Each structure stands twice: as C-alpha cells, then as structure tokens.
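Undergrad: Dropping in work_32.cif, with mmCIF, C-alpha atoms.
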data_model
loop_
_atom_site.label_atom_id
_atom_site.label_comp_id
_atom_site.auth_asym_id
_atom_site.auth_seq_id
_atom_site.Cartn_x
_atom_site.Cartn_y
_atom_site.Cartn_z
CA MET A 1 26.71 -31.61 -29.42
CA ASP A 2 24.60 -31.69 -26.24
CA VAL A 3 25.62 -28.29 -24.90
CA ASP A 4 23.36 -28.49 -21.83
CA GLY A 5 24.66 -31.94 -20.98
CA TYR A 6 28.24 -30.78 -21.36
CA LEU A 7 27.68 -27.70 -19.18
CA ARG A 8 26.00 -29.75 -16.46
CA ARG A 9 29.32 -31.48 -15.89
CA PHE A 10 30.62 -28.17 -14.55
CA ILE A 11 27.65 -26.10 -13.35
CA ASP A 12 24.12 -26.65 -12.11
CA LEU A 13 21.89 -25.09 -14.78
CA ASN A 14 18.88 -25.44 -12.48
CA TYR A 15 20.46 -23.40 -9.72
CA HIS A 16 18.36 -20.42 -8.68
CA LEU A 17 19.43 -17.60 -6.44
CA PRO A 18 17.31 -17.45 -3.29
CA GLU A 19 14.61 -14.79 -3.09
CA PRO A 20 15.74 -11.80 -1.01
CA PRO A 21 13.91 -11.30 2.30
CA LYS A 22 10.64 -9.41 2.02
CA GLY A 23 11.33 -5.69 2.04
CA ALA A 24 15.06 -5.97 1.36
CA PHE A 25 14.79 -4.40 -2.09
CA VAL A 26 12.45 -1.72 -0.74
CA GLU A 27 15.07 -0.75 1.84
CA ALA A 28 17.73 -0.75 -0.88
CA LEU A 29 15.59 1.52 -3.05
CA PHE A 30 15.10 3.91 -0.14
CA LYS A 31 18.86 4.30 0.05
CA ARG A 32 19.32 4.49 -3.71
CA PHE A 33 16.71 7.24 -4.09
CA ASN A 34 18.10 9.02 -1.02
CA PHE A 35 14.68 8.98 0.63
CA ASN A 36 16.20 8.57 4.09
CA LYS A 37 17.42 12.16 3.95
CA TYR A 38 13.98 13.36 2.85
CA PHE A 39 12.30 11.62 5.79
CA GLU A 40 14.92 12.86 8.25
CA GLU A 41 14.14 16.40 7.13
CA ARG A 42 10.42 15.72 7.56
CA THR A 43 10.94 14.39 11.08
CA ASN A 44 12.99 17.47 11.92
CA GLN A 45 10.06 19.59 10.76
CA SER A 46 7.49 17.76 12.88
CA SER A 47 7.44 14.74 15.16
CA ASN A 48 4.03 13.95 13.63
CA PHE A 49 5.89 12.75 10.54
CA ARG A 50 8.20 10.35 12.39
CA HIS A 51 6.33 7.22 11.26
CA ASP A 52 6.04 8.19 7.59
CA LYS A 53 9.04 6.16 6.44
CA GLU A 54 7.96 3.12 8.46
CA HIS A 55 4.52 3.22 6.80
CA PHE A 56 6.02 3.42 3.32
CA VAL A 57 8.51 0.60 3.90
CA SER A 58 5.96 -1.71 5.52
CA ILE A 59 3.16 -1.18 3.01
CA PHE A 60 5.38 -1.31 -0.05
CA SER A 61 7.10 -4.45 1.25
CA GLU A 62 3.79 -6.22 1.80
CA LEU A 63 2.02 -5.10 -1.36
CA PHE A 64 5.01 -5.62 -3.64
CA SER A 65 5.13 -9.21 -2.39
CA ILE A 66 1.38 -9.85 -2.66
CA PHE A 67 1.20 -8.32 -6.14
CA ASN A 68 4.35 -10.20 -7.15
CA PHE A 69 5.96 -7.05 -8.52
CA SER A 70 9.15 -7.50 -10.50
CA LEU A 71 12.18 -5.49 -9.43
CA ARG A 72 11.55 -3.22 -12.40
CA ILE A 73 7.99 -2.45 -11.28
CA GLN A 74 9.17 -1.84 -7.72
CA GLU A 75 11.73 0.61 -9.03
CA GLN A 76 9.03 2.23 -11.15
CA CYS A 77 6.91 2.78 -8.04
CA PHE A 78 9.83 4.49 -6.35
CA THR A 79 10.45 6.69 -9.36
CA GLN A 80 6.82 7.77 -9.20
CA ILE A 81 6.96 8.34 -5.45
CA SER A 82 10.10 10.43 -5.86
CA LEU A 83 8.18 12.77 -8.16
CA VAL A 84 5.44 13.12 -5.55
CA PHE A 85 8.07 13.91 -2.91
CA LYS A 86 9.55 16.61 -5.13
CA THR A 87 6.18 18.36 -5.24
CA THR A 88 5.60 17.97 -1.49
CA PRO A 89 7.62 20.25 0.82
CA VAL A 90 8.94 18.47 3.91
CA SER A 91 6.73 20.66 6.09
CA LEU A 92 3.47 19.38 4.55
CA LYS A 93 1.55 16.19 5.30
CA LEU A 94 2.34 13.33 2.96
CA TYR A 95 -0.43 10.85 3.89
CA PRO A 96 1.98 7.93 3.36
CA ILE A 97 -0.44 5.06 3.88
CA LEU A 98 -2.99 6.10 1.28
CA LEU A 99 -0.29 7.31 -1.10
CA ALA A 100 1.63 4.01 -0.94
CA VAL A 101 -1.57 2.01 -1.40
CA LEU A 102 -2.79 4.02 -4.40
CA ILE A 103 0.61 3.98 -6.11
CA SER A 104 0.79 0.20 -5.63
CA ILE A 105 -2.72 -0.39 -6.96
CA LYS A 106 -2.05 1.88 -9.94
CA ASN A 107 1.00 -0.16 -10.92
CA TYR A 108 -0.75 -3.46 -10.28
CA ASN A 109 -3.95 -2.80 -12.21
CA LEU A 110 -4.50 0.62 -13.78
CA ASP A 111 -8.14 -0.07 -14.66
CA LEU A 112 -8.90 -1.12 -11.08
CA TYR A 113 -7.18 2.01 -9.78
CA LYS A 114 -9.22 4.27 -12.06
CA ARG A 115 -12.49 2.58 -11.12
CA TYR A 116 -11.77 3.03 -7.41
CA ILE A 117 -10.72 6.68 -7.52
CA ASN A 118 -13.71 7.49 -9.75
CA GLY A 119 -16.17 5.72 -7.46
CA ASN A 120 -17.03 3.00 -9.98
CA ILE A 121 -16.03 0.15 -7.69
CA ASP A 122 -16.55 -0.09 -3.95
CA SER A 123 -13.78 -0.92 -1.50
CA ASN A 124 -15.14 -4.40 -0.79
CA LYS A 125 -14.94 -5.43 -4.45
CA LEU A 126 -11.57 -3.72 -4.75
CA MET A 127 -10.15 -5.73 -1.84
CA THR A 128 -11.58 -8.93 -3.31
CA GLU A 129 -9.74 -8.19 -6.55
CA LEU A 130 -6.51 -7.27 -4.79
CA PHE A 131 -6.28 -9.83 -2.02
CA SER A 132 -7.88 -13.02 -3.36
CA SER A 133 -4.66 -15.03 -3.02
CA LYS A 134 -3.81 -16.98 0.12
CA GLU A 135 -1.07 -14.48 0.92
CA GLY A 136 -3.50 -11.63 0.36
CA GLN A 137 -6.11 -13.12 2.67
CA GLU A 138 -3.51 -13.63 5.39
CA PHE A 139 -2.33 -10.06 4.93
CA LEU A 140 -5.84 -8.68 5.49
CA ASP A 141 -5.75 -10.20 8.98
CA SER A 142 -2.45 -8.48 9.80
CA HIS A 143 -1.95 -5.04 11.32
CA TYR A 144 -1.24 -3.26 8.05
CA GLY A 145 -3.92 -5.31 6.32
CA ASN A 146 -6.44 -3.91 8.80
CA VAL A 147 -5.04 -0.42 8.30
CA ILE A 148 -5.32 -0.61 4.51
CA GLU A 149 -8.83 -2.04 4.68
CA ALA A 150 -9.90 0.79 6.99
CA TYR A 151 -8.39 3.40 4.67
CA LEU A 152 -9.98 1.91 1.55
CA ILE A 153 -13.37 1.81 3.27
CA TYR A 154 -13.02 5.34 4.61
CA TYR A 155 -12.19 6.77 1.19
CA ASP A 156 -14.78 4.65 -0.60
CA SER A 157 -16.89 7.09 -2.61
CA THR A 158 -19.73 4.64 -3.31
CA GLU A 159 -22.95 4.10 -1.39
CA VAL A 160 -21.57 0.78 -0.12
CA LYS A 161 -19.21 2.60 2.27
CA GLU A 162 -21.81 3.08 5.00
CA GLN A 163 -22.93 -0.55 4.69
CA LEU A 164 -19.38 -1.78 5.25
CA ILE A 165 -18.91 0.48 8.25
CA GLU A 166 -22.24 -0.67 9.67
CA GLN A 167 -21.22 -4.31 9.27
CA TYR A 168 -18.08 -3.76 11.32
CA ARG A 169 -20.00 -1.71 13.86
CA ASP A 170 -22.48 -4.57 14.29
CA ILE A 171 -19.66 -7.08 14.74
CA LYS A 172 -18.04 -4.85 17.35
CA GLU A 173 -21.29 -4.53 19.29
CA ASN A 174 -22.03 -8.27 19.23
CA GLN A 175 -20.60 -9.81 22.40
CA ASN A 176 -20.81 -13.33 20.94
CA THR A 177 -18.54 -12.59 18.00
CA ASN A 178 -15.40 -14.68 17.48
CA LYS A 179 -12.51 -12.98 19.31
CA ASP A 180 -10.28 -12.61 16.24
CA ILE A 181 -13.12 -11.19 14.15
CA TYR A 182 -14.07 -8.88 17.02
CA ARG A 183 -10.50 -7.57 17.36
CA LYS A 184 -10.30 -6.92 13.63
CA ALA A 185 -13.63 -5.07 13.63
CA GLU A 186 -12.60 -3.07 16.67
CA LYS A 187 -9.30 -2.04 15.08
CA ILE A 188 -10.86 -1.11 11.74
CA MET A 189 -13.57 0.95 13.43
CA ARG A 190 -10.97 2.70 15.59
CA ILE A 191 -8.90 3.62 12.53
CA ILE A 192 -11.98 4.85 10.66
CA ASN A 193 -13.03 6.95 13.65
CA ASP A 194 -9.52 8.39 13.94
CA LEU A 195 -9.55 9.27 10.25
CA ASP A 196 -12.93 10.92 10.64
CA PHE A 197 -11.55 13.02 13.47
CA ALA A 198 -8.09 13.90 12.18
CA VAL A 199 -8.11 13.77 8.39
CA SER A 200 -9.87 15.86 5.79
CA HIS A 201 -12.36 13.99 3.61
CA ASN A 202 -10.76 15.34 0.43
CA VAL A 203 -7.36 13.75 1.10
CA LYS A 204 -7.94 11.08 -1.54
CA ASP A 205 -8.64 13.76 -4.16
CA TYR A 206 -5.51 15.61 -3.04
CA ILE A 207 -3.34 12.51 -3.45
CA VAL A 208 -4.92 11.58 -6.78
CA LYS A 209 -4.06 15.05 -8.07
CA LYS A 210 -0.49 14.55 -6.87
CA ILE A 211 -0.36 11.29 -8.81
CA GLU A 212 -1.79 13.02 -11.89
CA ILE A 213 0.97 15.63 -11.67
CA MET A 214 3.45 12.77 -11.39
CA ASP A 215 2.03 11.24 -14.57
CA ARG A 216 2.60 14.49 -16.45
CA PHE A 217 6.24 14.47 -15.38
CA GLN A 218 6.64 10.92 -16.67
CA ASN A 219 4.91 11.46 -20.02
#
Could I get this file's structure written as structure tokens?
TA:
Amino acid sequence: MDVDGYLRRFIDLNYHLPEPPKGAFVEALFKRFNFNKYFEERTNQSSNFRHDKEHFVSIFSELFSIFNFSLRIQEQCFTQISLVFKTTPVSLKLYPILLAVLISIKNYNLDLYKRYINGNIDSNKLMTELFSSKEGQEFLDSHYGNVIEAYLIYYDSTEVKEQLIEQYRDIKENQNTNKDIYRKAEKIMRIINDLDFAVSHNVKDYIVKKIEIMDRFQN
C-alpha cells in the first residue's frame, strides 16, 4: 500500500511550519530562565547595567541566526549563561557583549574558540571563519556587527591587533574614503577607544575564567 499517497489525500506531507521571527526564541528563553528578574535587579543596582539585557538579546539573536543554531544549541547557550549569572552578583559588571560573543563562538566551534582565547588565531582570521556567509558579511556592516568586530580586535592577543587598528585609523584619516567604509572605521575606532578608556585589559581573561567555572558545573 502506498502509505504516503494515501496520506496525501488528507494532509500535506510537505507542509513546513514557518520559521519564527529572529530573536523570538531568545526572548522566550529569557522568560523561561527567568533572566528578566535578574536584569531588573541589576538595573536597580546601577543604571550603568540598564543595557545589559538588550545587548544579550540582540547579539544572541544575530549570532544564533548566522551560526544556524538549533533550538537545542540555543537552549544550551542559555543554560551556560545561567551558570555564569549564578556566579556573578547583580552588583558586579557582567560584560554582556564579550560574554555573549564568546559563549556563541564556543558553541559554534570549540576549536576556534580555544585558538582565539589562547592567542593562536587573530581576530581578522576569526571573523573570516565566523562570518564568511552572505548573512555574516551583511551582519558585519550592521551596528552590532561593528561592535563585535571592535571587541574582537580589542581583545586580540596576537601581534596582528595593532595592524588591524592601524588599518582602521588610516581609513578614518583618509578624506577620500568611501562614506560607508569611513563610517564603519569611525565607529570601530570609537568603540576601541572607549574600551581602552573604560574597560580593563584583562576582562577577556576574567570572562574566560567564568566560562571555565561554568564548564566545571556542567561536567
């Protein structure tokens, strides 16, 4: 008996549920893990933390889409983040942008993550590996794409870091540069300068240690 043929008389076997809007599952996971309460408490502690949730939601939404994470992997990222939150009092800085990026990279490609945090791959090669798709390239030209690129360059522990910064500095100082390229260079340099002024250089090591503690909880 042709079971498929018989069933097609009643249902469409090729029917697929539409993909949820980008970030919808991230928002759902925030509620499920009760993160909203955690971030409310952080905001009550300091207005400096008021954008932390927004950074997490935006970066996770973008990277989960670019890396084509399954719902299971997305949930795994949130489980890991929840362990980091449990070891971070609401009164302390969370460094959400770098934390979200590193957690995402770790779940996307563990070897790539290890090479970056150990200084065995520079940020330029890392971004090439991560954002080679059309969606990835488009993302790098977006606001959060610029932010992530600036962070990855700033925390690059290879000798290439200064070369990358110098390249963007040269673009910014060249009056004949394409306007879009100039704006991107200007934004990235501004973020890097802000990080240099406001953030400790050992933040990446601090976050990596947090992630290592998280790994011990999971194992």
Undergrad: Applied to the shown file, which residues does the PyMOL selection byres ((chain A and resi 171-174) around 9) return, written as a PDB file with C-alpha atoms, in the coordinates of the input?
TA:
ATOM      1  CA  GLU A 166     -22.240  -0.670   9.670  1.00  0.00           C
ATOM      2  CA  GLN A 167     -21.220  -4.310   9.270  1.00  0.00           C
ATOM      3  CA  TYR A 168     -18.080  -3.760  11.320  1.00  0.00           C
ATOM      4  CA  ARG A 169     -20.000  -1.710  13.860  1.00  0.00           C
ATOM      5  CA  ASP A 170     -22.480  -4.570  14.290  1.00  0.00           C
ATOM      6  CA  GLN A 175     -20.600  -9.810  22.400  1.00  0.00           C
ATOM      7  CA  ASN A 176     -20.810 -13.330  20.940  1.00  0.00           C
ATOM      8  CA  THR A 177     -18.540 -12.590  18.000  1.00  0.00           C
ATOM      9  CA  ILE A 181     -13.120 -11.190  14.150  1.00  0.00           C
ATOM     10  CA  TYR A 182     -14.070  -8.880  17.020  1.00  0.00           C
ATOM     11  CA  ARG A 183     -10.500  -7.570  17.360  1.00  0.00           C
ATOM     12  CA  LYS A 184     -10.300  -6.920  13.630  1.00  0.00           C
ATOM     13  CA  ALA A 185     -13.630  -5.070  13.630  1.00  0.00           C
ATOM     14  CA  GLU A 186     -12.600  -3.070  16.670  1.00  0.00           C
ATOM     15  CA  MET A 189     -13.570   0.950  13.430  1.00  0.00           C
TER      16      MET A 189
END
Undergrad: Hey, can you check how far atom CA of A:Ser91 sits from atom CA of A:Gly23?
TA: 27.1 Å
Undergrad: Taking the file above as input, evaluate the PyMOL selection byres ((chain A and resi 33) around 12) and report the hits as a ChimeraX atom specification.
TA: /A:25-32,34-39,75-83,85-86
Undergrad: Smallest atom-to-atom distance to A:Tyr155: which of A:Ile103, A:Leu112, A:Val208, A:Leu130, using only C-alpha atoms?
TA: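 For A:Tyr155, the nearest of the given residues is A:Val208.
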Undergrad: For each of A:Ser142, A:Thr43, A:Thr158, A:Asn193, take the minimum atom-to-atom distance to A:Ser58, counting only C-alpha atoms, then give the residue where this is smallest.
TA: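 Closest residue, counting only C-alpha atoms: A:Ser142.
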Undergrad: Tell me, in Å to one decimal, how far atom CA of A:Gly119 is from atom CA of A:Lys204.
TA: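 Atom CA of A:Lys204 lies at a distance of 11.5 Å from atom CA of A:Gly119.
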Undergrad: What do you get, as number ranges by chain, if you spell out every residue that the PyMOL selection byres ((chain A and resi 160) around 12) selects here?
TA: A: 119-126, 152-159, 161-167
Undergrad: Quick one: residues within 7 Å of stretch 53-56 of chain A, all atoms listed in the file, excluding same-chain residues fewer than 5 positions away - as number ranges by chain?
TA: A: 39, 96-97, 100
Undergrad: Which of these residues is nearest to A:Pro21, using all atoms listed in the file: A:Asp205, A:Glu149, A:Glu62, A:Glu41?
TA: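 Closest to A:Pro21, using all atoms listed in the file: A:Glu62.
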Undergrad: How many Å separate atom CA of A:Leu102 from atom CA of A:Lys210?
TA: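 Atom-to-atom, atom CA of A:Leu102 and atom CA of A:Lys210 are spaced 11.1 Å apart.
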Undergrad: Nearest to A:Lys93 among A:Met214, A:Val57, A:Ile207, A:Leu110, with distances taken over only C-alpha atoms: which residue is it?
TA: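 Of all the options, A:Ile207 lies closest to A:Lys93.
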